[in-house]
Structures are given as C-alpha cells and as structure tokens.
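A.B. asks: Quick one: this structure, given as structure tokens, is what I'll be asking you about.
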Amino acid sequence: MVSKRLSREAGHKRKFLAIADDTPECDRAVAYAARRAHSTGGSVVLLFVIEPGDFQHWLGVEQIMREEAVQNAHSALNDLATKIRETIGIEPELVVREGKIVEEIHKLIEEDQDIAILVLGASNSKEGPGPLVSSIAGKGAAFPIPVTVVPNGLTDEEVESLA
C-alpha cells in the first residue's frame with residue numbers, strides 16, 4: 001500500500017517522475033515530464049537505476065565497474081538536467097539508485113510522497129514498447145500512482161502541446 005500523496009497539500013508540489021536510461025524513448029518521457037511539471041507548477045524527478053547484475057566479476061573489477069556505472073548515471077542525469085534548465089527553466093531533482101528498476105521506482109514513490117505521476121517513454125520499435133512499459137502492461141508491476149506513457153515518435157512541438 002502506498003502512502004498518501006502530499007502533492008496537493010500546502011508547501012508541497014506535485015512531482016513528475018521520469019526514468020532516465022540509455023533508451024531513445026527516455027528523452028521523450030523526460031521532455032514531457034518536464035513540460036508538464038512546468039505547465040502545472042510542479043517539479044520533475046529524474047531517476048537513473050543501475051541494475052545490480054552488471055557487477056558480477058572479481059572484487060576489484062566489480063568496484064571499478066560500479067564506479068563507472070555511477071559516473072555514467074550522473075553524467076546522463078546531468079545532460080538531461082542541462083536540457084531541462086535550458087529549454088524549460090526548471091531545476092530537476094536527480095536520483096541515482098542501484099537495484100532492480102521496478103523495485104527502485106516503487107521505493108522512491110513510497111519515500112517521496114510528492115511524486116504523483118510516473119512518466120515512461122514507449123519505444124516505437126517492432127520489438128515492442130520497451131522492457132519497462134512491457135512490464136507494466138504485464139503482471140506484477142502495477143504502480144500506486146498514475147502512469148503516463150509517452151510515445152517516442154512525438155516531436156518537441158507535440159510534446160509541448162500535449163503537456
């Protein structure tokens with residue numbers, strides 16, 4: 001069970017949570033979340049999750065790989081944050097977690113009661129909408145807040161008009 005959302009209470013802002021990763025659809029989801037946050041007086045949270053299975057090596061190699069993954073996560077988030085600042089003029093909140101992506105999304109939603117909307121990007125590839133969107137459409141990954149799925153094929157103008 002999810003805690004009560006506080007985004008409508010005095011002193012709180014509704015937050016739009018977008019998942020940052022290396023997929024092409026990530027950019028569309030982040031753009032939509034940031035525009036929607038700006039147009040509604042809210043804010044945006046960008047979450048980058050480092051999957052734990054990537055570090056199953058010898059101890060020294062594992063540590064180096066983990067450090068590189070954290071650096072890459074921060075770099076990706078900083079690039080997205082710069083775009084948001086320059087195009088929309090809001091300051092996003094940046095979060096890096098290590099774990100299974102669906103579990104980390106649930107944890108962050110539970111911890112931050114101002115998060116009210118989860119924004120995901122859907123791939124337009126013939127393989128399907130992407131692993132995260134597919135997991136939501138499947139069983140066991142339901143989220144306790146509304147989920148907005150943004151198609152990858154939207155232009156900047158379309159994102160702006162929809163947000």
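The chains in the structure tokens are called A, B, ... from first to last as shown; in each chain the residues are counted from 1, and the ligands are counted from 1 in the order shown.
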Taking the backbone alone, and naming residues the way the document does, which bits of segment 48-129 of chain A are alpha helix (DSSP H) by DSSP, as a JSON list (two decimals) with N, CA and C atoms, in the first residue's frame?
C.D. replies:
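Full text of part.json as output:
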[["chain", "number", "residue", "atom", "x", "y", "z"],
["A", 59, "LEU", "N", 36.31, -8.95, -7.36],
["A", 59, "LEU", "CA", 36.08, -7.81, -6.48],
["A", 59, "LEU", "C", 36.64, -6.50, -7.03],
["A", 60, "GLY", "N", 37.89, -6.47, -7.45],
["A", 60, "GLY", "CA", 38.49, -5.24, -7.95],
["A", 60, "GLY", "C", 37.81, -4.74, -9.21],
["A", 61, "VAL", "N", 37.51, -5.66, -10.12],
["A", 61, "VAL", "CA", 36.83, -5.30, -11.37],
["A", 61, "VAL", "C", 35.41, -4.83, -11.07],
["A", 62, "GLU", "N", 34.77, -5.51, -10.14],
["A", 62, "GLU", "CA", 33.40, -5.15, -9.76],
["A", 62, "GLU", "C", 33.34, -3.71, -9.26],
["A", 63, "GLN", "N", 34.29, -3.32, -8.41],
["A", 63, "GLN", "CA", 34.32, -1.97, -7.86],
["A", 63, "GLN", "C", 34.53, -0.92, -8.95],
["A", 64, "ILE", "N", 35.44, -1.20, -9.86],
["A", 64, "ILE", "CA", 35.70, -0.27, -10.97],
["A", 64, "ILE", "C", 34.46, -0.15, -11.85],
["A", 65, "MET", "N", 33.82, -1.27, -12.15],
["A", 65, "MET", "CA", 32.63, -1.24, -12.99],
["A", 65, "MET", "C", 31.49, -0.48, -12.29],
["A", 66, "ARG", "N", 31.35, -0.67, -11.01],
["A", 66, "ARG", "CA", 30.30, 0.03, -10.26],
["A", 66, "ARG", "C", 30.56, 1.54, -10.29],
["A", 67, "GLU", "N", 31.81, 1.94, -10.07],
["A", 67, "GLU", "CA", 32.16, 3.36, -10.09],
["A", 67, "GLU", "C", 31.91, 3.97, -11.47],
["A", 68, "GLU", "N", 32.24, 3.23, -12.53],
["A", 68, "GLU", "CA", 31.99, 3.71, -13.89],
["A", 68, "GLU", "C", 30.49, 3.84, -14.15],
["A", 69, "ALA", "N", 29.71, 2.88, -13.67],
["A", 69, "ALA", "CA", 28.26, 2.92, -13.85],
["A", 69, "ALA", "C", 27.66, 4.11, -13.13],
["A", 70, "VAL", "N", 28.15, 4.41, -11.93],
["A", 70, "VAL", "CA", 27.65, 5.56, -11.17],
["A", 70, "VAL", "C", 28.03, 6.85, -11.89],
["A", 71, "GLN", "N", 29.26, 6.93, -12.39],
["A", 71, "GLN", "CA", 29.69, 8.12, -13.15],
["A", 71, "GLN", "C", 28.83, 8.30, -14.40],
["A", 72, "ASN", "N", 28.57, 7.20, -15.11],
["A", 72, "ASN", "CA", 27.74, 7.27, -16.32],
["A", 72, "ASN", "C", 26.32, 7.71, -15.97],
["A", 73, "ALA", "N", 25.78, 7.22, -14.87],
["A", 73, "ALA", "CA", 24.44, 7.60, -14.44],
["A", 73, "ALA", "C", 24.38, 9.10, -14.14],
["A", 74, "HIS", "N", 25.35, 9.60, -13.39],
["A", 74, "HIS", "CA", 25.39, 11.03, -13.07],
["A", 74, "HIS", "C", 25.57, 11.87, -14.33],
["A", 75, "SER", "N", 26.40, 11.40, -15.25],
["A", 75, "SER", "CA", 26.62, 12.12, -16.49],
["A", 75, "SER", "C", 25.33, 12.19, -17.31],
["A", 76, "ALA", "N", 24.63, 11.08, -17.43],
["A", 76, "ALA", "CA", 23.37, 11.05, -18.17],
["A", 76, "ALA", "C", 22.34, 11.98, -17.52],
["A", 77, "LEU", "N", 22.24, 11.93, -16.20],
["A", 77, "LEU", "CA", 21.30, 12.80, -15.49],
["A", 77, "LEU", "C", 21.67, 14.27, -15.66],
["A", 78, "ASN", "N", 22.95, 14.58, -15.57],
["A", 78, "ASN", "CA", 23.38, 15.98, -15.73],
["A", 78, "ASN", "C", 23.09, 16.50, -17.14],
["A", 79, "ASP", "N", 23.26, 15.64, -18.16],
["A", 79, "ASP", "CA", 22.93, 16.04, -19.53],
["A", 79, "ASP", "C", 21.44, 16.35, -19.66],
["A", 80, "LEU", "N", 20.60, 15.48, -19.10],
["A", 80, "LEU", "CA", 19.15, 15.70, -19.15],
["A", 80, "LEU", "C", 18.77, 16.95, -18.36],
["A", 81, "ALA", "N", 19.39, 17.13, -17.20],
["A", 81, "ALA", "CA", 19.09, 18.30, -16.36],
["A", 81, "ALA", "C", 19.47, 19.59, -17.08],
["A", 82, "THR", "N", 20.59, 19.59, -17.79],
["A", 82, "THR", "CA", 21.01, 20.78, -18.55],
["A", 82, "THR", "C", 19.97, 21.12, -19.61],
["A", 83, "LYS", "N", 19.48, 20.10, -20.32],
["A", 83, "LYS", "CA", 18.43, 20.33, -21.33],
["A", 83, "LYS", "C", 17.19, 20.95, -20.70],
["A", 84, "ILE", "N", 16.79, 20.42, -19.57],
["A", 84, "ILE", "CA", 15.59, 20.92, -18.89],
["A", 84, "ILE", "C", 15.79, 22.36, -18.45],
["A", 85, "ARG", "N", 16.93, 22.65, -17.86],
["A", 85, "ARG", "CA", 17.22, 24.03, -17.42],
["A", 85, "ARG", "C", 17.19, 25.00, -18.59],
["A", 86, "GLU", "N", 17.85, 24.60, -19.69],
["A", 86, "GLU", "CA", 17.99, 25.49, -20.84],
["A", 86, "GLU", "C", 16.68, 25.67, -21.61],
["A", 87, "THR", "N", 15.89, 24.64, -21.73],
["A", 87, "THR", "CA", 14.67, 24.73, -22.55],
["A", 87, "THR", "C", 13.43, 25.13, -21.75],
["A", 101, "ILE", "N", 14.96, -2.20, -11.33],
["A", 101, "ILE", "CA", 14.33, -0.93, -11.68],
["A", 101, "ILE", "C", 12.92, -0.79, -11.12],
["A", 102, "VAL", "N", 12.09, -1.80, -11.27],
["A", 102, "VAL", "CA", 10.71, -1.68, -10.79],
["A", 102, "VAL", "C", 10.69, -1.52, -9.27],
["A", 103, "GLU", "N", 11.53, -2.27, -8.57],
["A", 103, "GLU", "CA", 11.61, -2.15, -7.11],
["A", 103, "GLU", "C", 12.07, -0.76, -6.69],
["A", 104, "GLU", "N", 13.05, -0.21, -7.38],
["A", 104, "GLU", "CA", 13.58, 1.11, -7.03],
["A", 104, "GLU", "C", 12.56, 2.22, -7.33],
["A", 105, "ILE", "N", 11.79, 2.05, -8.39],
["A", 105, "ILE", "CA", 10.72, 3.02, -8.67],
["A", 105, "ILE", "C", 9.70, 2.99, -7.54],
["A", 106, "HIS", "N", 9.28, 1.79, -7.14],
["A", 106, "HIS", "CA", 8.33, 1.65, -6.03],
["A", 106, "HIS", "C", 8.87, 2.29, -4.75],
["A", 107, "LYS", "N", 10.14, 2.02, -4.44],
["A", 107, "LYS", "CA", 10.75, 2.57, -3.22],
["A", 107, "LYS", "C", 10.75, 4.10, -3.24],
["A", 108, "LEU", "N", 11.14, 4.67, -4.38],
["A", 108, "LEU", "CA", 11.19, 6.13, -4.47],
["A", 108, "LEU", "C", 9.80, 6.75, -4.34],
["A", 109, "ILE", "N", 8.81, 6.14, -4.96],
["A", 109, "ILE", "CA", 7.43, 6.63, -4.85],
["A", 109, "ILE", "C", 6.96, 6.57, -3.40],
["A", 110, "GLU", "N", 7.32, 5.51, -2.71],
["A", 110, "GLU", "CA", 6.94, 5.37, -1.30],
["A", 110, "GLU", "C", 7.66, 6.41, -0.43],
["A", 111, "GLU", "N", 8.93, 6.66, -0.72],
["A", 111, "GLU", "CA", 9.73, 7.60, 0.08],
["A", 111, "GLU", "C", 9.34, 9.06, -0.16]]
A.B. asks: Pull the strand (DSSP E or B) assignments for segment 4-160 of chain A out of DSSP run on the backbone, and list those residues as JSON, numbers by chain.
C.D. replies: {"A": [15, 16, 17, 18, 19, 20, 43, 44, 45, 46, 47, 48, 49, 50, 93, 94, 95, 96, 97, 98, 115, 116, 117, 118, 119, 120, 121, 122, 125, 128, 147, 148, 149, 150, 151]}
A.B. asks: Hey, can you spit out that residue selection with C-alpha atoms as a short mmCIF file (atom, residue, chain, number, x, y, z; two decimals), in the first residue's frame?
C.D. replies:
data_model
loop_
_atom_site.label_atom_id
_atom_site.label_comp_id
_atom_site.auth_asym_id
_atom_site.auth_seq_id
_atom_site.Cartn_x
_atom_site.Cartn_y
_atom_site.Cartn_z
CA LYS A 15 6.30 15.83 -8.83
CA PHE A 16 6.52 14.03 -12.14
CA LEU A 17 8.91 11.06 -12.01
CA ALA A 18 10.70 10.17 -15.26
CA ILE A 19 13.07 7.25 -15.64
CA ALA A 20 16.43 8.13 -17.17
CA SER A 43 8.59 19.75 -10.45
CA VAL A 44 10.35 16.84 -12.09
CA VAL A 45 12.38 13.99 -10.61
CA LEU A 46 14.76 12.04 -12.84
CA LEU A 47 15.62 8.54 -11.65
CA PHE A 48 18.51 6.52 -13.05
CA VAL A 49 18.64 2.92 -11.83
CA ILE A 50 21.85 0.93 -12.11
CA GLU A 93 15.77 16.60 -8.84
CA LEU A 94 18.31 13.91 -9.76
CA VAL A 95 18.31 10.47 -8.15
CA VAL A 96 20.66 7.53 -8.75
CA ARG A 97 19.78 4.12 -7.29
CA GLU A 98 21.24 0.66 -7.60
CA ILE A 115 5.58 12.09 -6.55
CA ALA A 116 2.15 11.91 -8.14
CA ILE A 117 2.73 10.85 -11.76
CA LEU A 118 5.17 8.33 -13.28
CA VAL A 119 6.14 9.20 -16.86
CA LEU A 120 7.57 6.47 -19.09
CA GLY A 121 8.67 6.54 -22.70
CA ALA A 122 7.40 3.91 -25.14
CA SER A 125 10.31 -0.35 -32.43
CA GLY A 128 7.58 -3.67 -28.52
CA VAL A 147 1.41 6.24 -15.22
CA THR A 148 1.70 8.34 -18.36
CA VAL A 149 3.26 6.58 -21.34
CA VAL A 150 4.77 8.92 -23.92
CA PRO A 151 5.32 7.62 -27.48
#
A.B. asks: Residues at most 10 Å from Arg36 of chain A, counting only C-alpha atoms, excluding those fewer than 3 positions away in the same chain, as a list in words?
C.D. replies: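 Using only C-alpha atoms, the neighbours found are Lys15, Phe16, Val30, Ala31, Tyr32, Ala33, Ser39, Thr40, Gly41, Gly42, Ser43, Val44, Val159, Glu160, Ser161, Leu162 and Ala163 of chain A.
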A.B. asks: Report, in Å to a single decimal, how far apart atom CA of Glu157 of chain A and atom CA of Asp22 of chain A are.
C.D. replies: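 So the two atoms, atom CA of Asp22 of chain A and atom CA of Glu157 of chain A, lie 22.6 Å apart.
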